[in-house]
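What follows is the content of data-v4.cif, which has mmCIF, C-alpha atoms:
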```cif
data_entry
loop_
_atom_site.label_atom_id
_atom_site.label_comp_id
_atom_site.auth_asym_id
_atom_site.auth_seq_id
_atom_site.Cartn_x
_atom_site.Cartn_y
_atom_site.Cartn_z
CA MET A 1 0.00 0.00 0.00
CA GLU A 2 1.76 3.05 -1.35
CA ALA A 3 0.24 5.67 0.98
CA LEU A 4 1.32 3.78 4.09
CA LYS A 5 4.78 3.14 2.66
CA GLN A 6 5.22 6.85 1.95
CA LYS A 7 4.01 7.80 5.42
CA ILE A 8 6.55 5.41 6.97
CA LEU A 9 9.32 6.97 4.87
CA ASP A 10 8.18 10.49 5.80
CA GLU A 11 7.42 10.08 9.48
CA GLY A 12 8.60 6.69 10.74
CA ARG A 13 11.56 6.69 13.12
CA VAL A 14 13.88 3.73 13.46
CA LEU A 15 15.04 3.14 17.03
CA PRO A 16 17.54 0.60 18.36
CA SER A 17 16.53 -3.10 18.53
CA ASN A 18 14.62 -2.93 15.24
CA VAL A 19 11.88 -0.75 16.67
CA LEU A 20 9.97 1.31 14.10
CA LYS A 21 8.08 4.18 15.73
CA VAL A 22 4.95 5.18 13.83
CA ASP A 23 3.30 7.08 16.67
CA SER A 24 2.73 10.24 14.65
CA PHE A 25 0.15 8.58 12.38
CA LEU A 26 -0.77 5.10 13.67
CA ASN A 27 -0.04 4.52 17.33
CA GLN A 28 -0.75 7.62 19.32
CA GLN A 29 -1.67 10.31 16.85
CA ILE A 30 -3.88 8.83 14.17
CA ASP A 31 -4.08 10.01 10.57
CA VAL A 32 -7.77 9.30 10.21
CA LYS A 33 -7.89 9.53 6.41
CA LEU A 34 -5.03 7.05 6.11
CA MET A 35 -6.80 4.78 8.60
CA GLU A 36 -9.95 4.93 6.48
CA ALA A 37 -7.97 3.98 3.39
CA ILE A 38 -6.46 1.08 5.34
CA GLY A 39 -9.96 -0.07 6.30
CA LYS A 40 -11.05 -0.01 2.67
CA GLU A 41 -7.96 -1.89 1.49
CA PHE A 42 -8.43 -4.78 3.92
CA ALA A 43 -12.17 -4.88 3.23
CA LEU A 44 -11.30 -5.30 -0.44
CA ARG A 45 -8.76 -8.04 0.20
CA PHE A 46 -11.21 -10.02 2.35
CA ALA A 47 -14.36 -9.07 0.43
CA ASP A 48 -15.17 -12.64 -0.64
CA ASP A 49 -14.51 -14.27 2.72
CA SER A 50 -17.88 -13.76 4.45
CA ILE A 51 -16.29 -12.23 7.54
CA ASP A 52 -18.61 -12.18 10.56
CA LYS A 53 -16.41 -10.27 12.95
CA VAL A 54 -13.11 -8.40 13.18
CA LEU A 55 -10.89 -9.27 16.14
CA SER A 56 -8.00 -7.15 17.37
CA ILE A 57 -6.05 -6.35 20.52
CA GLU A 58 -5.71 -3.16 22.54
CA SER A 59 -4.58 -0.48 22.09
CA SER A 60 -2.90 0.03 18.74
CA GLY A 61 -5.06 -2.49 16.92
CA ILE A 62 -8.36 -0.81 17.77
CA ALA A 63 -8.33 2.03 15.24
CA PRO A 64 -7.48 -0.02 12.12
CA ALA A 65 -9.77 -2.88 13.20
CA LEU A 66 -12.65 -0.46 13.66
CA MET A 67 -12.18 0.96 10.17
CA VAL A 68 -12.03 -2.52 8.62
CA ALA A 69 -15.17 -3.57 10.51
CA LYS A 70 -16.93 -0.41 9.36
CA GLU A 71 -16.16 -1.20 5.72
CA LEU A 72 -17.21 -4.83 6.08
CA GLY A 73 -20.35 -3.89 8.03
CA VAL A 74 -19.59 -6.27 10.91
CA PRO A 75 -18.93 -5.86 14.67
CA MET A 76 -15.43 -5.46 16.05
CA VAL A 77 -14.04 -7.10 19.18
CA PHE A 78 -10.77 -6.29 20.87
CA ALA A 79 -8.88 -8.46 23.31
CA ARG A 80 -7.85 -6.79 26.53
CA LYS A 81 -4.44 -7.07 28.15
CA ARG A 82 -3.97 -7.72 31.84
CA LYS A 83 -0.74 -7.52 33.74
CA SER A 84 -1.39 -10.26 36.26
CA LEU A 85 -2.85 -13.71 36.04
CA THR A 86 -6.17 -13.28 37.75
CA ILE A 87 -8.79 -15.97 37.81
CA SER A 88 -11.65 -14.97 35.56
CA GLU A 89 -14.71 -16.90 34.60
CA ASN A 90 -16.39 -16.72 31.25
CA VAL A 91 -13.37 -15.41 29.37
CA TYR A 92 -10.99 -16.94 26.88
CA SER A 93 -7.54 -16.18 28.19
CA VAL A 94 -4.04 -16.75 26.84
CA ASP A 95 -0.59 -15.87 28.10
CA LEU A 96 1.37 -13.67 25.72
CA PHE A 97 5.12 -13.20 25.83
CA SER A 98 6.46 -10.06 24.22
CA TYR A 99 10.03 -10.23 22.90
CA THR A 100 10.07 -6.44 22.73
CA THR A 101 9.28 -5.83 26.39
CA GLN A 102 10.36 -9.26 27.68
CA LYS A 103 7.14 -9.43 29.68
CA HIS A 104 4.22 -11.80 30.03
CA THR A 105 0.74 -10.41 29.61
CA GLN A 106 -2.60 -12.11 29.91
CA VAL A 107 -4.90 -11.48 26.97
CA ILE A 108 -8.62 -12.00 27.40
CA VAL A 109 -11.82 -11.98 25.39
CA ASP A 110 -15.24 -12.40 26.97
CA GLN A 111 -16.76 -15.69 25.82
CA ARG A 112 -19.98 -13.90 24.82
CA PHE A 113 -18.18 -12.11 22.00
CA LEU A 114 -16.90 -15.09 20.01
CA THR A 115 -19.28 -17.77 18.85
CA ALA A 116 -18.63 -21.23 17.40
CA GLY A 117 -18.62 -21.14 13.61
CA GLU A 118 -18.13 -17.38 13.28
CA ARG A 119 -15.68 -16.34 10.57
CA ILE A 120 -13.07 -14.09 12.16
CA LEU A 121 -10.63 -11.66 10.56
CA ILE A 122 -7.76 -10.62 12.83
CA ILE A 123 -6.42 -7.08 12.35
CA ASP A 124 -3.30 -5.73 14.05
CA ASP A 125 -0.81 -2.92 13.49
CA PHE A 126 2.44 -4.90 13.44
CA LEU A 127 3.50 -8.45 12.64
CA ALA A 128 6.95 -9.20 14.05
CA ASN A 129 7.38 -12.48 15.90
CA GLY A 130 3.69 -13.21 15.64
CA GLN A 131 3.08 -13.67 19.35
CA ALA A 132 -0.03 -11.48 19.46
CA ALA A 133 -1.50 -13.14 16.37
CA GLU A 134 -0.76 -16.58 17.79
CA GLY A 135 -2.50 -15.63 21.03
CA LEU A 136 -5.58 -14.42 19.19
CA LEU A 137 -5.61 -17.60 17.09
CA LYS A 138 -5.62 -19.67 20.28
CA ILE A 139 -8.59 -17.68 21.55
CA ILE A 140 -10.45 -18.14 18.25
CA SER A 141 -9.72 -21.87 18.39
CA ARG A 142 -11.06 -22.16 21.95
CA ALA A 143 -14.24 -20.42 20.85
CA GLN A 144 -14.46 -22.91 17.95
CA ALA A 145 -14.66 -19.95 15.60
CA ILE A 146 -12.94 -19.88 12.20
CA PRO A 147 -9.75 -17.83 11.66
CA VAL A 148 -10.21 -16.62 8.09
CA GLY A 149 -7.07 -14.55 8.00
CA LEU A 150 -4.80 -11.95 9.51
CA GLY A 151 -4.40 -8.44 8.19
CA VAL A 152 -1.47 -6.39 9.44
CA LEU A 153 -0.47 -2.87 8.53
CA ILE A 154 3.28 -3.37 8.86
CA GLU A 155 5.11 -6.68 8.62
CA LYS A 156 8.70 -7.03 9.74
CA SER A 157 9.61 -9.70 7.24
CA PHE A 158 13.01 -10.24 8.84
CA GLN A 159 11.30 -11.65 11.94
CA SER A 160 9.53 -14.99 12.18
CA GLY A 161 5.86 -14.00 12.40
CA ARG A 162 4.88 -14.82 8.82
CA GLN A 163 6.53 -18.26 8.90
CA LEU A 164 4.67 -19.05 12.11
CA LEU A 165 1.36 -18.09 10.51
CA GLU A 166 2.05 -19.95 7.28
CA LYS A 167 2.82 -23.02 9.35
CA ALA A 168 -0.56 -22.57 11.02
CA ASN A 169 -2.15 -22.20 7.56
CA VAL A 170 -3.45 -18.70 8.27
CA ARG A 171 -3.72 -16.40 5.28
CA THR A 172 -1.70 -13.29 6.08
CA GLU A 173 -2.12 -9.98 4.29
CA SER A 174 0.36 -7.19 5.01
CA LEU A 175 -0.07 -3.68 3.64
CA VAL A 176 3.65 -3.03 3.90
CA ARG A 177 6.52 -5.51 4.31
CA ILE A 178 9.81 -4.32 5.73
CA SER A 179 12.87 -6.44 5.04
CA SER A 180 15.36 -4.45 7.11
CA LEU A 181 15.72 -1.60 9.58
CA VAL A 182 19.52 -1.75 9.64
CA ASN A 183 21.38 1.51 10.25
CA GLY A 184 18.15 3.39 10.82
CA HIS A 185 17.10 2.83 7.23
CA VAL A 186 13.73 1.35 6.23
CA THR A 187 13.98 -1.16 3.38
CA PHE A 188 10.76 -2.57 1.93
CA LEU A 189 10.51 -6.15 0.71
CA ASP A 190 7.93 -5.53 -1.99
CA ASP A 191 4.57 -3.85 -2.35
CA GLY A 192 3.02 -5.94 0.39
CA LYS A 193 0.94 -7.98 -2.00
CA MET B 1 -29.27 10.08 22.14
CA GLU B 2 -32.09 7.60 21.84
CA ALA B 3 -30.17 4.76 20.12
CA LEU B 4 -27.51 4.68 22.84
CA LYS B 5 -30.13 4.87 25.57
CA GLN B 6 -31.99 1.92 24.08
CA LYS B 7 -28.78 -0.09 23.74
CA ILE B 8 -27.98 0.53 27.41
CA LEU B 9 -31.46 -0.65 28.39
CA ASP B 10 -31.17 -3.72 26.16
CA GLU B 11 -27.59 -4.81 26.86
CA GLY B 12 -26.13 -2.81 29.76
CA ARG B 13 -25.50 -4.71 32.97
CA VAL B 14 -25.45 -3.00 36.35
CA LEU B 15 -22.82 -4.40 38.70
CA PRO B 16 -22.13 -3.55 42.34
CA SER B 17 -20.48 -0.20 43.19
CA ASN B 18 -22.40 1.66 40.49
CA VAL B 19 -20.57 -0.05 37.65
CA LEU B 20 -22.43 -0.11 34.34
CA LYS B 21 -21.01 -2.73 31.96
CA VAL B 22 -21.41 -1.86 28.29
CA ASP B 23 -18.81 -4.27 26.97
CA SER B 24 -21.14 -5.89 24.45
CA PHE B 25 -21.38 -2.74 22.31
CA LEU B 26 -18.89 -0.09 23.49
CA ASN B 27 -16.00 -1.42 25.52
CA GLN B 28 -14.87 -4.75 24.15
CA GLN B 29 -17.28 -5.67 21.41
CA ILE B 30 -18.08 -2.59 19.37
CA ASP B 31 -21.34 -1.95 17.56
CA VAL B 32 -19.73 -0.13 14.66
CA LYS B 33 -22.93 1.38 13.27
CA LEU B 34 -23.79 2.82 16.68
CA MET B 35 -20.25 4.14 16.97
CA GLU B 36 -20.61 5.85 13.60
CA ALA B 37 -23.87 7.46 14.73
CA ILE B 38 -22.10 8.63 17.89
CA GLY B 39 -19.34 10.18 15.76
CA LYS B 40 -21.90 12.04 13.67
CA GLU B 41 -23.78 13.29 16.74
CA PHE B 42 -20.69 14.80 18.39
CA ALA B 43 -19.51 16.25 15.08
CA LEU B 44 -22.89 18.00 14.85
CA ARG B 45 -22.74 19.32 18.40
CA PHE B 46 -19.24 20.75 17.89
CA ALA B 47 -19.67 21.69 14.23
CA ASP B 48 -19.18 25.43 14.81
CA ASP B 49 -16.20 25.14 17.11
CA SER B 50 -13.33 24.89 14.61
CA ILE B 51 -11.92 21.76 16.23
CA ASP B 52 -8.30 21.05 15.21
CA LYS B 53 -7.86 17.72 16.95
CA VAL B 54 -9.73 15.10 18.97
CA LEU B 55 -8.03 13.88 22.15
CA SER B 56 -8.93 10.73 24.02
CA ILE B 57 -7.43 8.11 26.30
CA GLU B 58 -6.78 4.41 25.78
CA SER B 59 -8.45 2.00 25.41
CA SER B 60 -12.20 2.57 25.52
CA GLY B 61 -12.01 6.15 24.27
CA ILE B 62 -10.24 5.27 21.03
CA ALA B 63 -13.19 3.97 18.99
CA PRO B 64 -15.61 6.85 19.65
CA ALA B 65 -12.83 9.45 19.34
CA LEU B 66 -11.79 8.00 15.98
CA MET B 67 -15.35 8.21 14.66
CA VAL B 68 -15.72 11.82 15.83
CA ALA B 69 -12.38 12.76 14.27
CA LYS B 70 -13.44 11.08 11.02
CA GLU B 71 -16.63 13.14 10.88
CA LEU B 72 -14.81 16.38 11.72
CA GLY B 73 -11.98 15.61 9.29
CA VAL B 74 -9.23 16.12 11.87
CA PRO B 75 -6.51 13.92 13.42
CA MET B 76 -7.08 11.98 16.62
CA VAL B 77 -4.63 11.59 19.50
CA PHE B 78 -4.96 9.23 22.41
CA ALA B 79 -3.18 9.45 25.73
CA ARG B 80 -1.42 6.30 26.86
CA LYS B 81 -1.56 4.85 30.36
CA ARG B 82 1.48 3.65 32.21
CA LYS B 83 1.50 1.76 35.46
CA SER B 84 4.73 3.14 36.87
CA LEU B 85 6.20 6.58 37.08
CA THR B 86 9.05 6.38 34.64
CA ILE B 87 11.08 9.38 33.64
CA SER B 88 10.23 10.32 30.09
CA GLU B 89 11.39 13.24 28.08
CA ASN B 90 9.31 15.08 25.55
CA VAL B 91 5.96 13.94 26.93
CA TYR B 92 3.20 15.69 28.83
CA SER B 93 2.49 13.48 31.80
CA VAL B 94 -0.10 13.56 34.58
CA ASP B 95 -0.89 11.28 37.46
CA LEU B 96 -4.41 9.92 37.39
CA PHE B 97 -6.20 8.40 40.37
CA SER B 98 -9.06 6.06 39.60
CA TYR B 99 -11.77 5.78 42.25
CA THR B 100 -13.00 2.61 40.56
CA THR B 101 -9.72 0.71 40.77
CA GLN B 102 -8.17 2.77 43.61
CA LYS B 103 -4.97 2.93 41.61
CA HIS B 104 -2.66 5.60 40.32
CA THR B 105 -1.79 5.61 36.64
CA GLN B 106 0.49 7.85 34.69
CA VAL B 107 -1.09 9.27 31.55
CA ILE B 108 1.15 10.58 28.79
CA VAL B 109 0.93 12.35 25.47
CA ASP B 110 3.96 12.99 23.28
CA GLN B 111 4.63 16.71 23.09
CA ARG B 112 4.79 16.55 19.29
CA PHE B 113 1.07 15.77 19.12
CA LEU B 114 -0.35 18.83 20.89
CA THR B 115 0.55 22.31 19.73
CA ALA B 116 0.00 25.69 21.36
CA GLY B 117 -3.21 27.30 20.14
CA GLU B 118 -4.78 24.11 18.77
CA ARG B 119 -8.49 23.75 19.52
CA ILE B 120 -9.00 20.38 21.21
CA LEU B 121 -12.15 18.33 21.67
CA ILE B 122 -11.87 15.61 24.34
CA ILE B 123 -13.91 12.45 23.74
CA ASP B 124 -14.31 9.66 26.30
CA ASP B 125 -16.72 6.82 26.95
CA PHE B 126 -17.71 7.60 30.56
CA LEU B 127 -17.86 10.67 32.78
CA ALA B 128 -18.07 9.71 36.45
CA ASN B 129 -15.77 11.55 38.85
CA GLY B 130 -14.08 13.33 35.98
CA GLN B 131 -10.56 12.25 36.84
CA ALA B 132 -9.64 11.22 33.30
CA ALA B 133 -11.09 14.42 31.83
CA GLU B 134 -9.26 16.50 34.42
CA GLY B 135 -6.00 14.76 33.55
CA LEU B 136 -6.47 15.41 29.84
CA LEU B 137 -7.31 19.06 30.57
CA LYS B 138 -4.04 19.41 32.48
CA ILE B 139 -2.17 18.00 29.50
CA ILE B 140 -3.95 20.39 27.12
CA SER B 141 -3.11 23.28 29.42
CA ARG B 142 0.57 22.33 29.55
CA ALA B 143 0.63 22.24 25.75
CA GLN B 144 -0.99 25.71 25.77
CA ALA B 145 -3.72 24.28 23.55
CA ILE B 146 -7.38 25.25 23.91
CA PRO B 147 -9.88 22.83 25.49
CA VAL B 148 -13.02 23.52 23.45
CA GLY B 149 -15.13 20.91 25.14
CA LEU B 150 -15.65 17.38 26.37
CA GLY B 151 -17.95 14.86 24.72
CA VAL B 152 -18.84 11.73 26.68
CA LEU B 153 -21.07 8.88 25.67
CA ILE B 154 -22.38 8.09 29.15
CA GLU B 155 -22.48 10.49 32.08
CA LYS B 156 -23.11 9.27 35.60
CA SER B 157 -24.88 12.40 36.76
CA PHE B 158 -24.95 11.17 40.37
CA GLN B 159 -21.16 11.50 40.52
CA SER B 160 -19.18 14.73 40.61
CA GLY B 161 -17.59 14.83 37.15
CA ARG B 162 -19.90 17.39 35.57
CA GLN B 163 -19.62 19.81 38.51
CA LEU B 164 -15.84 19.60 38.30
CA LEU B 165 -15.92 20.43 34.58
CA GLU B 166 -18.44 23.24 34.98
CA LYS B 167 -16.19 24.72 37.65
CA ALA B 168 -13.35 24.56 35.11
CA ASN B 169 -15.62 26.22 32.52
CA VAL B 170 -15.41 23.29 30.11
CA ARG B 171 -18.43 22.73 27.93
CA THR B 172 -19.60 19.17 28.49
CA GLU B 173 -21.84 17.26 26.10
CA SER B 174 -23.17 13.87 27.18
CA LEU B 175 -25.12 11.62 24.84
CA VAL B 176 -26.81 9.90 27.75
CA ARG B 177 -27.10 11.01 31.38
CA ILE B 178 -27.77 8.44 34.07
CA SER B 179 -29.17 9.68 37.37
CA SER B 180 -29.15 6.37 39.22
CA LEU B 181 -28.05 2.73 39.04
CA VAL B 182 -29.73 1.75 42.32
CA ASN B 183 -31.00 -1.84 42.62
CA GLY B 184 -29.56 -2.76 39.26
CA HIS B 185 -31.92 -0.39 37.48
CA VAL B 186 -30.77 2.27 35.01
CA THR B 187 -32.57 5.61 35.45
CA PHE B 188 -31.90 8.36 32.91
CA LEU B 189 -31.77 12.03 33.91
CA ASP B 190 -33.04 13.42 30.62
CA ASP B 191 -32.30 13.09 26.94
CA GLY B 192 -28.70 14.13 27.38
CA LYS B 193 -29.21 17.41 25.57
#
```

Show me the file's structure as structure tokens.
Amino acid sequence: MEALKQKILDEGRVLPSNVLKVDSFLNQQIDVKLMEAIGKEFALRFADDSIDKVLSIESSGIAPALMVAKELGVPMVFARKRKSLTISENVYSVDLFSYTTQKHTQVIVDQRFLTAGERILIIDDFLANGQAAEGLLKIISRAQAIPVGLGVLIEKSFQSGRQLLEKANVRTESLVRISSLVNGHVTFLDDGK
Amino acid sequence: MEALKQKILDEGRVLPSNVLKVDSFLNQQIDVKLMEAIGKEFALRFADDSIDKVLSIESSGIAPALMVAKELGVPMVFARKRKSLTISENVYSVDLFSYTTQKHTQVIVDQRFLTAGERILIIDDFLANGQAAEGLLKIISRAQAIPVGLGVLIEKSFQSGRQLLEKANVRTESLVRISSLVNGHVTFLDDGK
């Protein structure tokens, strides 16, 4: 997706440890027009997949997931993060390990919001090691819902997320694929198709 | 706002300590059509106020704030919550005390995303004791931006938030005002106009 690529080149900041900061248009300040275009693009890519619901994870996934859900005309659900392992009834819960922060987080979705047989599209901002996506897939599986695919805005192709998802047979659509962030320079793999 | 009122009557659940759960359409699962209508309603109410930016706070404020920003054609910014007081440069930071959870949270906005003189509309899901709104107002004040008003989806009129905001001379628009949650029953104050 050319508009997102250009925005990354214009405003993205590469920090140490392969961190790409996109907080001026995606993660804290949101370029709403770009987000709408992102919603339309994913809706187009998954137009023939009879999506029943869009699933994402707080906080950075909420805005793009909402725009995709709006275009598809379906509800959106976001998983919540909890710091501690508390006992909760009536929720699907998975433990998530973040390589970036080196911390465990519990991710939960109320059981009322995922139903057996529902066709689910996962939307998230980044795909790196695929831990968040894997966690959401586990939740979908426990609900006996159907993971139709994953749409991510920015894929770090030099990390293992895509391989993990291909292994799990989950169709993965990235709007932008980044092959390297070496020396503070963003290199794209291709057009993200 | 009649549609929101009806949704609260249909799906809201009153829990102990005056908690109103609206997670089936606002807070975890999102009724996207309702959220769009909410965006349009706030855009109408603040149509003549030359809003430059919508400000909210993660996570539940993001979806409504995004829809309002979309209708107004302006960017959206959301404040992030942090558990611990870490030293950060280049951010506006306030300490927030939640009566609900009895916990302190640090709330931050990157200084790049609020500019002196910008006309800011705050959007949040609930107004209860007004602590979140007060925190965001402090941040706006530090940025020397202009707090044009606060739009909340659900006001608990039996708590002190509105008084606090009136004292601070901040125009407050609530889509729904609740005067009581006694005995598990939702009583509305008026039509929220």

Exercise for the section: Please identify all polymer residues within 9 Å of segment 64-76 of chain B, counting only C-alpha atoms, omitting same-chain residues fewer than 4 positions from it, and present them as number ranges by chain. Expected result: A: 25, 28-33, 36, 63, 66; B: 26, 35-44, 46-47, 51-57, 60, 122-125, 153

Practice task
Determine the residue membership of the PyMOL selection byres ((chain B and resi 135-150) around 10) for the file above and supply it as JSON, numbers by chain.
Solution key: {"B": [42, 46, 49, 50, 51, 52, 54, 55, 56, 57, 78, 79, 91, 92, 93, 94, 95, 96, 97, 106, 107, 108, 109, 111, 112, 113, 114, 115, 116, 117, 118, 119, 120, 121, 122, 123, 124, 127, 130, 131, 132, 133, 134, 151, 152, 165, 168, 169, 170, 171, 172, 173, 174]}

Exercise for the section: Counting all atoms listed in the file, figure out which residue out of B:Leu164, B:Val77, B:Leu181, B:Val19 gets nearest to chain A. Expected result: B:Val77

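Comparing the minimum interatomic distances between chain B and each of A:Leu189, A:Ile62, A:Val182, A:Ala128, counting only C-alpha atoms, we find that A:Ile62 sits nearest.
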
Practice task
State, in Å with one decimal place, the distance from atom CA of Asp110 of chain A to atom CA of Ser59 of chain A.
Solution key: 16.7 Å

Fill in the blank from the handout: One residue among B:Val186, B:Ala3, B:Leu34, B:Leu175 is nearest to chain A when using all atoms listed in the file, and that residue is B:Leu34

Exercise for the section: Could you pull out every residue with an atom within 12 Å of (-20.9, -2.2, 36.3), file coordinates, counting all atoms listed in the file, and send them as a VMD selection string? Expected result: chain B and resid 8 11 to 23 27 100 126 156 181 to 186

Box time for segment 178-191 of chain B: axis-aligned, enclosing all its listed atoms, 5 Å extra on each side; report centre and edge lengths in Å to one decimal, as AutoDock Vina command-line options.
```
--center_x -30.4 --center_y 5.3 --center_z 34.8 --size_x 15.3 --size_y 26.2 --size_z 25.7
```

Exercise for the section: Figure out the distance between atom CA of Gly61 of chain A and atom CA of Ile154 of chain A, please, to one decimal in Å. Expected result: 11.6 Å

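In this model, the gap between atom CA of Lys103 of chain B and atom CA of Thr187 of chain B comes to 28.4 Å.
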
Exercise for the section: Run the PyMOL selection byres ((chain A and resi 2) around 9) mentally over the shown coordinates, then write out the matched residues as number ranges by chain, using the chain letters and numbers from the document. Expected result: A: 1, 3-7, 175-176, 191

Problem - Point (7.8, -8.5, 4.4), cut-off 6 Å, counting all atoms listed in the file, residues as a list in words - result: Glu155, Lys156, Ser157, Arg177, Ile178, Ser179 and Leu189 of chain A

Please rebuild segment 178-189 of chain B with N, CA, C and O atoms and return the result as a PDB file, in the coordinates of the input.
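New file selection-v2.pdb:
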```
ATOM      1  N   ILE B 178     -27.152   9.418  33.175  1.00  0.00           N
ATOM      2  CA  ILE B 178     -27.770   8.440  34.070  1.00  0.00           C
ATOM      3  C   ILE B 178     -27.824   9.028  35.478  1.00  0.00           C
ATOM      4  O   ILE B 178     -26.802   9.454  36.022  1.00  0.00           O
ATOM      5  N   SER B 179     -29.024   9.065  36.047  1.00  0.00           N
ATOM      6  CA  SER B 179     -29.170   9.680  37.370  1.00  0.00           C
ATOM      7  C   SER B 179     -29.057   8.653  38.495  1.00  0.00           C
ATOM      8  O   SER B 179     -28.794   9.008  39.636  1.00  0.00           O
ATOM      9  N   SER B 180     -29.240   7.380  38.162  1.00  0.00           N
ATOM     10  CA  SER B 180     -29.150   6.370  39.220  1.00  0.00           C
ATOM     11  C   SER B 180     -28.971   4.967  38.637  1.00  0.00           C
ATOM     12  O   SER B 180     -29.493   4.644  37.564  1.00  0.00           O
ATOM     13  N   LEU B 181     -28.200   4.148  39.389  1.00  0.00           N
ATOM     14  CA  LEU B 181     -28.050   2.730  39.040  1.00  0.00           C
ATOM     15  C   LEU B 181     -28.487   1.863  40.225  1.00  0.00           C
ATOM     16  O   LEU B 181     -28.093   0.708  40.341  1.00  0.00           O
ATOM     17  N   VAL B 182     -29.312   2.436  41.093  1.00  0.00           N
ATOM     18  CA  VAL B 182     -29.730   1.750  42.320  1.00  0.00           C
ATOM     19  C   VAL B 182     -30.555   0.503  41.997  1.00  0.00           C
ATOM     20  O   VAL B 182     -31.368   0.499  41.068  1.00  0.00           O
ATOM     21  N   ASN B 183     -30.293  -0.543  42.770  1.00  0.00           N
ATOM     22  CA  ASN B 183     -31.000  -1.840  42.620  1.00  0.00           C
ATOM     23  C   ASN B 183     -30.897  -2.429  41.214  1.00  0.00           C
ATOM     24  O   ASN B 183     -31.824  -3.090  40.738  1.00  0.00           O
ATOM     25  N   GLY B 184     -29.783  -2.170  40.569  1.00  0.00           N
ATOM     26  CA  GLY B 184     -29.560  -2.760  39.260  1.00  0.00           C
ATOM     27  C   GLY B 184     -30.405  -2.153  38.160  1.00  0.00           C
ATOM     28  O   GLY B 184     -30.480  -2.683  37.054  1.00  0.00           O
ATOM     29  N   HIS B 185     -31.021  -1.012  38.455  1.00  0.00           N
ATOM     30  CA  HIS B 185     -31.920  -0.390  37.480  1.00  0.00           C
ATOM     31  C   HIS B 185     -31.317   0.911  36.944  1.00  0.00           C
ATOM     32  O   HIS B 185     -30.854   1.758  37.703  1.00  0.00           O
ATOM     33  N   VAL B 186     -31.320   1.058  35.629  1.00  0.00           N
ATOM     34  CA  VAL B 186     -30.770   2.270  35.010  1.00  0.00           C
ATOM     35  C   VAL B 186     -31.865   3.338  34.919  1.00  0.00           C
ATOM     36  O   VAL B 186     -32.894   3.128  34.267  1.00  0.00           O
ATOM     37  N   THR B 187     -31.639   4.478  35.572  1.00  0.00           N
ATOM     38  CA  THR B 187     -32.570   5.610  35.450  1.00  0.00           C
ATOM     39  C   THR B 187     -31.872   6.752  34.721  1.00  0.00           C
ATOM     40  O   THR B 187     -30.765   7.153  35.105  1.00  0.00           O
ATOM     41  N   PHE B 188     -32.508   7.261  33.672  1.00  0.00           N
ATOM     42  CA  PHE B 188     -31.900   8.360  32.910  1.00  0.00           C
ATOM     43  C   PHE B 188     -32.367   9.709  33.464  1.00  0.00           C
ATOM     44  O   PHE B 188     -33.501   9.854  33.924  1.00  0.00           O
ATOM     45  N   LEU B 189     -31.460  10.690  33.391  1.00  0.00           N
ATOM     46  CA  LEU B 189     -31.770  12.030  33.910  1.00  0.00           C
ATOM     47  C   LEU B 189     -32.664  12.782  32.926  1.00  0.00           C
ATOM     48  O   LEU B 189     -33.655  13.370  33.291  1.00  0.00           O
TER      49      LEU B 189
END
```
